Amino acid sequence: MVRDIFTATAALYFAGGVVMSAVSRGDDIEARARTLHFASIVVDTHDDTTQRFLDGDFDLLPRNRSGSIDIPRMKEGGLGAIFFSIWIPSKITGPDAVKHALDQIDAVREQARKHPKEIALATTAAEVREARKNGKIAALMGVEGGHMIASDLSVLRSFAALGVRYMTLTHSGNDEWADSSTDKAAHNGLTEFGKDVVREMNRLGMMVDISHVSDKTFYDALEVSKAPLIASHSSCRAICDAPRNMTDQMIKDLAAKGGVIQINYHVGFLSQEFRDAEKADPEINKAIVAEVEKRCGDKEGCQLIEGEKITREYVDKGKLPRVDWTKIIEHIDHAVKIGGVERVGLGSDFDGANMPYGMEDASKLPKITEALLRKGYSEDDVRKILGENTLRVMTEVERVGREMNSQR
Ligand SMILES: [Zn+2]
């Protein structure tokens with residue numbers, strides 16, 4: 001049997017954890033959490049690191065000073081599977097959008113090709129488990145925004161053939177066939193073509209992602225889809241009133257059809273206080289945008305990373321509230337109370353958003369496991385939240401796809 005790197009890492013951390021807890025905590029939860037965390041498959045359904053590959057010099061192998069994701073820090077944090085987001089702004093449409101998406105898909109595949117000892121490209125839940133068995137991190141892809149198919153199902157099929165396993169129906173603007181939560185409604189949810197997109201995704205075994213979409217688009221997708229949906233990086237609107245977070249009713253309805261909400265760590269989706277402060281002083285946001293432009297020009301990977309750094313500078317100066325990582329636990333716990341422990345997962349938004357203090361990068365992930373254990377969650381429930389729920393929904397989506405294909 002192959003001895004996997006995670007087991008080795010777990011052993012190292014376990015030893016470290018025992019020493020640490022004897023000094024600091026005087027209990028065994030920290031050590032138990034480390035063991036559990038590194039024995040679980042941790043799945044993150046949304047990371048915006050892809051943009052950085054295209055900026056030129058970024059590579060996943062070495063430890064990086066900036067951003068949240070690279071191989072050393074993913075290993076330290078026990079991250080077993082990561083969905084790299086294929087994302088371009090909603091305003092880019094048509095053939096241009098397709099070309100940009102293909103470049104990003106290629107960039108993710110190239111990272112897997114360059115680092116075959118560390119990373120395995122995966123397209124099914126079984127392949128994620130296989131990667132883990134072989135001591136590798138599974139790399140998956142999700143297209144974030146239906147505008148990238150240019151209203152053409154053949155493009156959707158090509159994305160699927162290249163390994164894309166979810167598509168977010170919109171990004172922050174409406175696309176040609178679906179309304180976004182942060183744009184003026186134009187289609188009353190999904191158009192007839194939009195419904196065809198959902199059906200074709202079902203057949204292809206691609207997860208339908210409803211993060212970012214309007215409430216009406218969500219309900220249309222829920223009605224049309226033959227497979228459970230995911231909200232790959234959304235949090236709870238009951239705690240933070242962002243239009244792209246999910247209401248309790250939406251979480252209930254998603255859960256009733258077997259779907260999973262993967263909690264987003266972005267401070268503006270976690271904390272009402274942060275949102276209110278941003279709204280109260282719009283000049284801060286304008287200044288941040290201007291400074292990002294100055295530092296990065298049109299390099300999107302750079303913009304995402306620098307945007308976070310500059311926001312932190314405002315927090316450090318006391319101009320924006322400081323949001324602690326424990327807010328993530330609050331959202332997880334709320335979603336579990338509403339939808340059930342089988343219906344919640346993790347979708348960080350690393351490298352694409354402003355992370356809370358204490359969750360700066362993937363190496364901090366074991367804290368989530370420890371916090372859930374301290375809250376009284378069973379080890380089995382923690383394992384579900386860390387990744388098993390997402391793997392289950394993937395398996396179910398794959399099954400629906402096979403079934404639809406066999407009926408033709
Ligand atoms: Zn997003």
# chains A, B, ... in the order shown; residues from 1 in each chain; ligands from 1
$ residues_near_ligand --ligand "ligand 1" --cutoff "8 Å" --atoms "only C-alpha atoms and all ligand atoms" --output "number ranges by chain"
A: 46, 144, 171-172, 211-212, 233, 349, 352
$ residues_around --residues "A:Arg203" --least-positions-apart "3" --cutoff "6 Å" --atoms "only C-alpha atoms" --output "PyMOL selection string"
chain A and resi 200+401+404
$ select_by_dssp --residues "stretch 180-379 of chain A" --states "helix (DSSP H, G or I)" --output "PyMOL selection string"
chain A and resi 192-204+215-224+248-256+267-270+272-280+282-296+300-316+326-339+341-343+362-364+366-374+379
$ residues_around --residues "stretch 173-189 of chain A" --least-positions-apart "5" --cutoff "7 Å" --atoms "only C-alpha atoms" --output "MDAnalysis selection string"
chainID A and resid 90 146:147 151 194 212:217 220 243:244
$ closest_residue --among "A:Lys257, A:Arg73, A:Arg295, A:Arg132" --to "A:Val43" --atoms "only C-alpha atoms"
A:Arg132
$ closest_residue --among "A:Arg34, A:His334, A:Lys384, A:Arg199" --to "A:Ser235" --atoms "only C-alpha atoms"
A:His334
$ residues_around --residues "A:Gly358" --least-positions-apart "5" --cutoff "8 Å" --atoms "only C-alpha atoms" --output "PDB file with all heavy atoms, in the first residue's frame"
ATOM      1  N   ASP A 324     -13.275  38.126  12.618  1.00  0.00           N
ATOM      2  CA  ASP A 324     -12.509  36.965  13.070  1.00  0.00           C
ATOM      3  C   ASP A 324     -12.984  35.695  12.340  1.00  0.00           C
ATOM      4  O   ASP A 324     -14.151  35.579  11.975  1.00  0.00           O
ATOM      5  CB  ASP A 324     -12.728  36.824  14.583  1.00  0.00           C
ATOM      6  CG  ASP A 324     -11.768  35.839  15.190  1.00  0.00           C
ATOM      7  OD1 ASP A 324     -10.566  36.154  15.235  1.00  0.00           O
ATOM      8  OD2 ASP A 324     -12.214  34.740  15.611  1.00  0.00           O
ATOM      9  N   TRP A 325     -12.060  34.738  12.180  1.00  0.00           N
ATOM     10  CA  TRP A 325     -12.375  33.500  11.452  1.00  0.00           C
ATOM     11  C   TRP A 325     -13.509  32.704  12.088  1.00  0.00           C
ATOM     12  O   TRP A 325     -14.181  31.915  11.409  1.00  0.00           O
ATOM     13  CB  TRP A 325     -11.125  32.613  11.342  1.00  0.00           C
ATOM     14  CG  TRP A 325     -10.699  32.042  12.666  1.00  0.00           C
ATOM     15  CD1 TRP A 325      -9.938  32.651  13.614  1.00  0.00           C
ATOM     16  CD2 TRP A 325     -11.057  30.756  13.200  1.00  0.00           C
ATOM     17  NE1 TRP A 325      -9.790  31.840  14.706  1.00  0.00           N
ATOM     18  CE2 TRP A 325     -10.458  30.661  14.468  1.00  0.00           C
ATOM     19  CE3 TRP A 325     -11.810  29.684  12.715  1.00  0.00           C
ATOM     20  CZ2 TRP A 325     -10.611  29.531  15.278  1.00  0.00           C
ATOM     21  CZ3 TRP A 325     -11.959  28.559  13.523  1.00  0.00           C
ATOM     22  CH2 TRP A 325     -11.369  28.489  14.784  1.00  0.00           C
ATOM     23  N   LYS A 364      -4.568  27.158   7.615  1.00  0.00           N
ATOM     24  CA  LYS A 364      -5.351  27.382   8.844  1.00  0.00           C
ATOM     25  C   LYS A 364      -6.582  26.477   8.947  1.00  0.00           C
ATOM     26  O   LYS A 364      -7.317  26.536   9.932  1.00  0.00           O
ATOM     27  CB  LYS A 364      -5.829  28.838   8.910  1.00  0.00           C
ATOM     28  CG  LYS A 364      -4.795  29.880   8.537  1.00  0.00           C
ATOM     29  CD  LYS A 364      -3.865  30.169   9.690  1.00  0.00           C
ATOM     30  CE  LYS A 364      -3.067  31.430   9.390  1.00  0.00           C
ATOM     31  NZ  LYS A 364      -1.773  31.470   9.999  1.00  0.00           N
TER      32      LYS A 364
END
$ closest_residue --among "A:Val393, A:Gly340, A:Arg374, A:Lys309" --to "A:Arg65" --atoms "only C-alpha atoms"
A:Lys309
$ select_by_dssp --residues "stretch 98-174 of chain A" --states "strand (DSSP E or B)" --output "MDAnalysis selection string"
chainID A and resid 119:121 137:144 164:168
$ atom_distance --atom1 "atom CA of A:Glu403" --atom2 "atom CA of A:Ile149"
24.4 Å
$ residues_around --residues "stretch 97-108 of chain A" --least-positions-apart "2" --cutoff "10 Å" --atoms "only C-alpha atoms" --output "compact mmCIF listing (two decimals) with all heavy atoms, in the first residue's frame"
# COMPACT_ATOMS: atom_id res chain seq x y z
N THR A 49 -7.65 30.98 -7.36
CA THR A 49 -6.21 30.99 -7.62
C THR A 49 -5.88 30.97 -9.12
O THR A 49 -4.82 31.45 -9.54
CB THR A 49 -5.55 29.77 -6.92
OG1 THR A 49 -6.09 29.69 -5.60
CG2 THR A 49 -4.05 29.90 -6.85
N THR A 50 -6.77 30.42 -9.91
CA THR A 50 -6.54 30.25 -11.36
C THR A 50 -6.05 31.53 -12.04
O THR A 50 -5.16 31.49 -12.89
CB THR A 50 -7.85 29.80 -12.04
OG1 THR A 50 -8.47 28.81 -11.24
CG2 THR A 50 -7.58 29.26 -13.43
N GLN A 51 -6.64 32.65 -11.66
CA GLN A 51 -6.24 33.94 -12.26
C GLN A 51 -4.74 34.17 -12.13
O GLN A 51 -4.12 34.76 -13.01
CB GLN A 51 -6.96 35.08 -11.52
CG GLN A 51 -8.45 35.07 -11.68
CD GLN A 51 -8.86 35.50 -13.07
OE1 GLN A 51 -8.20 36.32 -13.68
NE2 GLN A 51 -9.92 34.92 -13.57
N ARG A 52 -4.18 33.70 -11.03
CA ARG A 52 -2.75 33.94 -10.78
C ARG A 52 -1.87 33.16 -11.76
O ARG A 52 -0.77 33.60 -12.08
CB ARG A 52 -2.37 33.54 -9.34
CG ARG A 52 -3.22 34.18 -8.28
CD ARG A 52 -2.61 33.97 -6.90
NE ARG A 52 -1.52 34.90 -6.66
CZ ARG A 52 -0.68 34.82 -5.62
NH1 ARG A 52 -0.80 33.83 -4.75
NH2 ARG A 52 0.27 35.71 -5.46
N PHE A 53 -2.35 31.99 -12.20
CA PHE A 53 -1.55 31.20 -13.15
C PHE A 53 -1.30 31.99 -14.43
O PHE A 53 -0.28 31.84 -15.09
CB PHE A 53 -2.24 29.88 -13.54
CG PHE A 53 -2.59 28.98 -12.38
CD1 PHE A 53 -3.72 28.17 -12.42
CD2 PHE A 53 -1.78 28.93 -11.25
CE1 PHE A 53 -4.04 27.34 -11.36
CE2 PHE A 53 -2.09 28.09 -10.19
CZ PHE A 53 -3.22 27.29 -10.25
N LEU A 54 -2.29 32.82 -14.78
CA LEU A 54 -2.22 33.53 -16.06
C LEU A 54 -1.46 34.85 -15.97
O LEU A 54 -1.15 35.48 -16.97
CB LEU A 54 -3.63 33.78 -16.60
CG LEU A 54 -4.40 32.49 -16.91
CD1 LEU A 54 -5.86 32.76 -17.17
CD2 LEU A 54 -3.79 31.76 -18.09
N PHE A 83 -11.47 22.92 -5.87
CA PHE A 83 -12.08 23.33 -7.13
C PHE A 83 -11.50 24.67 -7.54
O PHE A 83 -11.74 25.69 -6.88
CB PHE A 83 -13.60 23.46 -6.99
CG PHE A 83 -14.36 22.17 -7.10
CD1 PHE A 83 -14.49 21.34 -6.00
CD2 PHE A 83 -14.94 21.79 -8.30
CE1 PHE A 83 -15.20 20.15 -6.09
CE2 PHE A 83 -15.66 20.60 -8.40
CZ PHE A 83 -15.79 19.78 -7.29
N PHE A 84 -10.71 24.66 -8.61
CA PHE A 84 -10.20 25.91 -9.15
C PHE A 84 -11.30 26.57 -9.98
O PHE A 84 -11.89 25.94 -10.85
CB PHE A 84 -8.95 25.67 -10.01
CG PHE A 84 -7.75 25.30 -9.19
CD1 PHE A 84 -7.32 23.99 -9.11
CD2 PHE A 84 -7.06 26.28 -8.48
CE1 PHE A 84 -6.20 23.64 -8.34
CE2 PHE A 84 -5.95 25.94 -7.71
CZ PHE A 84 -5.52 24.63 -7.64
N SER A 85 -11.53 27.84 -9.68
CA SER A 85 -12.58 28.56 -10.37
C SER A 85 -12.09 29.06 -11.72
O SER A 85 -11.00 29.61 -11.83
CB SER A 85 -13.03 29.72 -9.50
OG SER A 85 -13.91 30.54 -10.22
N ILE A 86 -12.90 28.84 -12.74
CA ILE A 86 -12.65 29.41 -14.06
C ILE A 86 -13.54 30.65 -14.12
O ILE A 86 -14.76 30.54 -14.19
CB ILE A 86 -13.06 28.41 -15.17
CG1 ILE A 86 -12.40 27.03 -14.94
CG2 ILE A 86 -12.76 28.97 -16.56
CD1 ILE A 86 -10.89 27.01 -14.90
N TRP A 87 -12.94 31.80 -14.01
CA TRP A 87 -13.74 33.02 -13.85
C TRP A 87 -13.25 34.16 -14.72
O TRP A 87 -12.04 34.42 -14.78
CB TRP A 87 -13.72 33.48 -12.38
CG TRP A 87 -14.34 34.84 -12.21
CD1 TRP A 87 -15.67 35.14 -12.14
CD2 TRP A 87 -13.64 36.10 -12.11
NE1 TRP A 87 -15.85 36.50 -12.01
CE2 TRP A 87 -14.62 37.10 -11.99
CE3 TRP A 87 -12.30 36.47 -12.12
CZ2 TRP A 87 -14.31 38.46 -11.88
CZ3 TRP A 87 -11.97 37.82 -12.02
CH2 TRP A 87 -12.98 38.81 -11.89
N ILE A 88 -14.19 34.81 -15.37
CA ILE A 88 -13.90 36.11 -16.00
C ILE A 88 -15.08 37.02 -15.69
O ILE A 88 -16.19 36.55 -15.43
CB ILE A 88 -13.72 36.00 -17.54
CG1 ILE A 88 -14.96 35.36 -18.19
CG2 ILE A 88 -12.46 35.23 -17.90
CD1 ILE A 88 -15.01 35.57 -19.67
N PRO A 89 -14.87 38.35 -15.70
CA PRO A 89 -15.97 39.25 -15.37
C PRO A 89 -17.18 39.06 -16.30
O PRO A 89 -17.00 38.72 -17.48
CB PRO A 89 -15.36 40.64 -15.57
CG PRO A 89 -13.88 40.44 -15.48
CD PRO A 89 -13.61 39.06 -15.97
N SER A 90 -18.37 39.30 -15.75
CA SER A 90 -19.62 39.09 -16.51
C SER A 90 -19.68 39.93 -17.78
O SER A 90 -20.38 39.57 -18.73
CB SER A 90 -20.83 39.46 -15.65
OG SER A 90 -20.80 38.80 -14.41
N LYS A 91 -18.96 41.05 -17.79
CA LYS A 91 -19.07 41.94 -18.96
C LYS A 91 -18.38 41.37 -20.20
O LYS A 91 -18.66 41.78 -21.32
CB LYS A 91 -18.51 43.33 -18.63
CG LYS A 91 -17.04 43.36 -18.24
CD LYS A 91 -16.59 44.81 -17.99
CE LYS A 91 -15.08 44.92 -17.89
NZ LYS A 91 -14.49 44.50 -16.60
N ILE A 92 -17.50 40.41 -20.02
CA ILE A 92 -16.87 39.76 -21.18
C ILE A 92 -17.79 38.63 -21.65
O ILE A 92 -18.14 37.75 -20.87
CB ILE A 92 -15.48 39.19 -20.83
CG1 ILE A 92 -14.58 40.31 -20.30
CG2 ILE A 92 -14.84 38.52 -22.05
CD1 ILE A 92 -13.23 39.82 -19.78
N THR A 93 -18.22 38.70 -22.90
CA THR A 93 -19.19 37.72 -23.39
C THR A 93 -18.75 37.19 -24.76
O THR A 93 -17.71 37.59 -25.29
CB THR A 93 -20.59 38.37 -23.54
OG1 THR A 93 -20.46 39.50 -24.40
CG2 THR A 93 -21.16 38.81 -22.21
N GLY A 94 -19.57 36.28 -25.31
CA GLY A 94 -19.34 35.78 -26.68
C GLY A 94 -18.04 35.00 -26.79
O GLY A 94 -17.54 34.43 -25.82
N PRO A 95 -17.46 34.95 -28.02
CA PRO A 95 -16.25 34.16 -28.26
C PRO A 95 -15.08 34.53 -27.35
O PRO A 95 -14.28 33.67 -26.97
CB PRO A 95 -15.90 34.48 -29.72
CG PRO A 95 -17.16 34.95 -30.33
CD PRO A 95 -17.96 35.59 -29.25
N GLU A 110 -2.41 22.45 -16.81
CA GLU A 110 -0.95 22.55 -16.89
C GLU A 110 -0.32 22.42 -15.50
O GLU A 110 0.75 21.81 -15.35
CB GLU A 110 -0.53 23.87 -17.54
CG GLU A 110 -0.63 23.86 -19.06
CD GLU A 110 0.36 22.89 -19.68
OE1 GLU A 110 1.55 23.23 -19.78
OE2 GLU A 110 -0.06 21.77 -20.04
N GLN A 111 -0.95 23.02 -14.50
CA GLN A 111 -0.41 22.89 -13.13
C GLN A 111 -0.40 21.41 -12.71
O GLN A 111 0.56 20.94 -12.11
CB GLN A 111 -1.25 23.71 -12.14
CG GLN A 111 -0.96 25.21 -12.19
CD GLN A 111 0.44 25.56 -11.70
OE1 GLN A 111 0.89 25.08 -10.67
NE2 GLN A 111 1.15 26.41 -12.44
N ALA A 112 -1.48 20.69 -13.05
CA ALA A 112 -1.55 19.27 -12.70
C ALA A 112 -0.47 18.49 -13.49
O ALA A 112 0.16 17.58 -12.96
CB ALA A 112 -2.94 18.72 -13.01
N ARG A 113 -0.27 18.87 -14.75
CA ARG A 113 0.74 18.17 -15.57
C ARG A 113 2.15 18.43 -15.03
O ARG A 113 2.98 17.53 -15.00
CB ARG A 113 0.64 18.66 -17.02
CG ARG A 113 1.57 17.91 -17.97
CD ARG A 113 1.45 18.41 -19.40
NE ARG A 113 1.92 19.77 -19.58
CZ ARG A 113 3.21 20.14 -19.67
NH1 ARG A 113 4.16 19.22 -19.57
NH2 ARG A 113 3.54 21.41 -19.84
N LEU A 121 -5.46 15.67 -11.41
CA LEU A 121 -6.70 16.22 -11.92
C LEU A 121 -7.81 15.20 -11.66
O LEU A 121 -7.63 14.01 -11.94
CB LEU A 121 -6.54 16.44 -13.43
CG LEU A 121 -7.46 17.47 -14.05
CD1 LEU A 121 -7.14 18.87 -13.52
CD2 LEU A 121 -7.31 17.44 -15.57
N ALA A 139 -7.29 18.11 -7.93
CA ALA A 139 -7.63 19.41 -8.51
C ALA A 139 -8.84 19.24 -9.40
O ALA A 139 -8.87 18.36 -10.26
CB ALA A 139 -6.45 19.95 -9.31
N LEU A 140 -9.86 20.07 -9.15
CA LEU A 140 -11.08 20.02 -9.95
C LEU A 140 -11.36 21.42 -10.49
O LEU A 140 -10.70 22.38 -10.09
CB LEU A 140 -12.26 19.52 -9.11
CG LEU A 140 -12.06 18.14 -8.48
CD1 LEU A 140 -11.72 18.26 -7.01
CD2 LEU A 140 -13.30 17.27 -8.66
N MET A 141 -12.33 21.52 -11.38
CA MET A 141 -12.63 22.84 -11.96
C MET A 141 -14.13 23.13 -11.94
O MET A 141 -14.95 22.25 -12.17
CB MET A 141 -12.14 22.88 -13.41
CG MET A 141 -10.63 22.92 -13.54
SD MET A 141 -10.10 22.94 -15.27
CE MET A 141 -10.29 21.22 -15.71
N GLY A 142 -14.44 24.40 -11.68
CA GLY A 142 -15.81 24.90 -11.79
C GLY A 142 -15.80 26.18 -12.60
O GLY A 142 -14.94 27.03 -12.39
N VAL A 143 -16.72 26.30 -13.54
CA VAL A 143 -16.83 27.53 -14.33
C VAL A 143 -17.76 28.48 -13.58
O VAL A 143 -18.90 28.14 -13.28
CB VAL A 143 -17.38 27.24 -15.75
CG1 VAL A 143 -17.89 28.52 -16.42
CG2 VAL A 143 -16.30 26.60 -16.61
N GLU A 144 -17.26 29.68 -13.24
CA GLU A 144 -18.04 30.61 -12.42
C GLU A 144 -18.71 31.67 -13.30
O GLU A 144 -18.22 32.78 -13.44
CB GLU A 144 -17.15 31.28 -11.37
CG GLU A 144 -17.97 32.09 -10.38
CD GLU A 144 -17.12 32.79 -9.34
OE1 GLU A 144 -15.91 32.90 -9.54
OE2 GLU A 144 -17.70 33.22 -8.33
N GLY A 146 -22.31 31.56 -16.26
CA GLY A 146 -22.82 30.96 -17.49
C GLY A 146 -22.50 31.76 -18.74
O GLY A 146 -22.64 31.25 -19.86
N HIS A 147 -22.04 33.01 -18.56
CA HIS A 147 -21.68 33.82 -19.74
C HIS A 147 -20.55 33.18 -20.54
O HIS A 147 -20.37 33.48 -21.71
CB HIS A 147 -21.32 35.24 -19.33
CG HIS A 147 -20.22 35.36 -18.30
ND1 HIS A 147 -20.30 34.79 -17.05
CD2 HIS A 147 -19.01 35.98 -18.35
CE1 HIS A 147 -19.19 35.05 -16.37
NE2 HIS A 147 -18.40 35.77 -17.13
N MET A 148 -19.77 32.28 -19.88
CA MET A 148 -18.61 31.70 -20.56
C MET A 148 -18.97 30.64 -21.60
O MET A 148 -18.12 30.24 -22.38
CB MET A 148 -17.62 31.15 -19.54
CG MET A 148 -16.74 32.26 -18.99
SD MET A 148 -15.71 31.72 -17.61
CE MET A 148 -16.78 32.11 -16.24
N ILE A 149 -20.25 30.20 -21.63
CA ILE A 149 -20.62 29.24 -22.69
C ILE A 149 -21.16 29.96 -23.93
O ILE A 149 -21.49 29.31 -24.93
CB ILE A 149 -21.62 28.16 -22.22
CG1 ILE A 149 -22.99 28.76 -21.85
CG2 ILE A 149 -21.05 27.34 -21.08
CD1 ILE A 149 -24.10 27.70 -21.69
N ALA A 150 -21.26 31.29 -23.86
CA ALA A 150 -21.71 32.07 -25.02
C ALA A 150 -23.03 31.52 -25.60
O ALA A 150 -23.18 31.42 -26.83
CB ALA A 150 -20.62 32.13 -26.09
N VAL A 155 -20.44 24.42 -26.29
CA VAL A 155 -19.32 24.92 -25.47
C VAL A 155 -19.40 24.30 -24.07
O VAL A 155 -18.39 23.85 -23.52
CB VAL A 155 -19.34 26.47 -25.37
CG1 VAL A 155 -18.23 26.96 -24.45
CG2 VAL A 155 -19.21 27.10 -26.75
N LEU A 156 -20.63 24.23 -23.54
CA LEU A 156 -20.82 23.58 -22.23
C LEU A 156 -20.30 22.14 -22.27
O LEU A 156 -19.58 21.70 -21.36
CB LEU A 156 -22.32 23.60 -21.88
CG LEU A 156 -22.72 22.89 -20.58
CD1 LEU A 156 -22.21 23.67 -19.36
CD2 LEU A 156 -24.23 22.71 -20.50
N SER A 158 -18.07 20.92 -24.27
CA SER A 158 -16.60 20.93 -24.38
C SER A 158 -15.96 21.18 -23.02
O SER A 158 -14.96 20.54 -22.67
CB SER A 158 -16.14 22.00 -25.37
OG SER A 158 -16.61 21.70 -26.65
N PHE A 159 -16.53 22.10 -22.26
CA PHE A 159 -16.01 22.35 -20.90
C PHE A 159 -16.06 21.06 -20.08
O PHE A 159 -15.11 20.70 -19.39
CB PHE A 159 -16.82 23.43 -20.18
CG PHE A 159 -16.59 24.84 -20.68
CD1 PHE A 159 -17.42 25.88 -20.28
CD2 PHE A 159 -15.53 25.14 -21.53
CE1 PHE A 159 -17.21 27.18 -20.72
CE2 PHE A 159 -15.30 26.44 -21.98
CZ PHE A 159 -16.15 27.46 -21.57
N LEU A 162 -13.40 18.68 -20.97
CA LEU A 162 -12.08 19.09 -20.47
C LEU A 162 -11.95 18.92 -18.96
O LEU A 162 -10.91 19.18 -18.38
CB LEU A 162 -11.81 20.55 -20.85
CG LEU A 162 -11.54 20.79 -22.34
CD1 LEU A 162 -11.57 22.28 -22.66
CD2 LEU A 162 -10.20 20.19 -22.76
N GLY A 163 -13.04 18.50 -18.32
CA GLY A 163 -12.95 18.18 -16.90
C GLY A 163 -13.70 19.11 -15.96
O GLY A 163 -13.64 18.94 -14.74
N VAL A 164 -14.41 20.10 -16.48
CA VAL A 164 -15.16 21.02 -15.61
C VAL A 164 -16.33 20.26 -14.97
O VAL A 164 -17.09 19.60 -15.67
CB VAL A 164 -15.68 22.23 -16.41
CG1 VAL A 164 -16.62 23.08 -15.57
CG2 VAL A 164 -14.51 23.06 -16.93
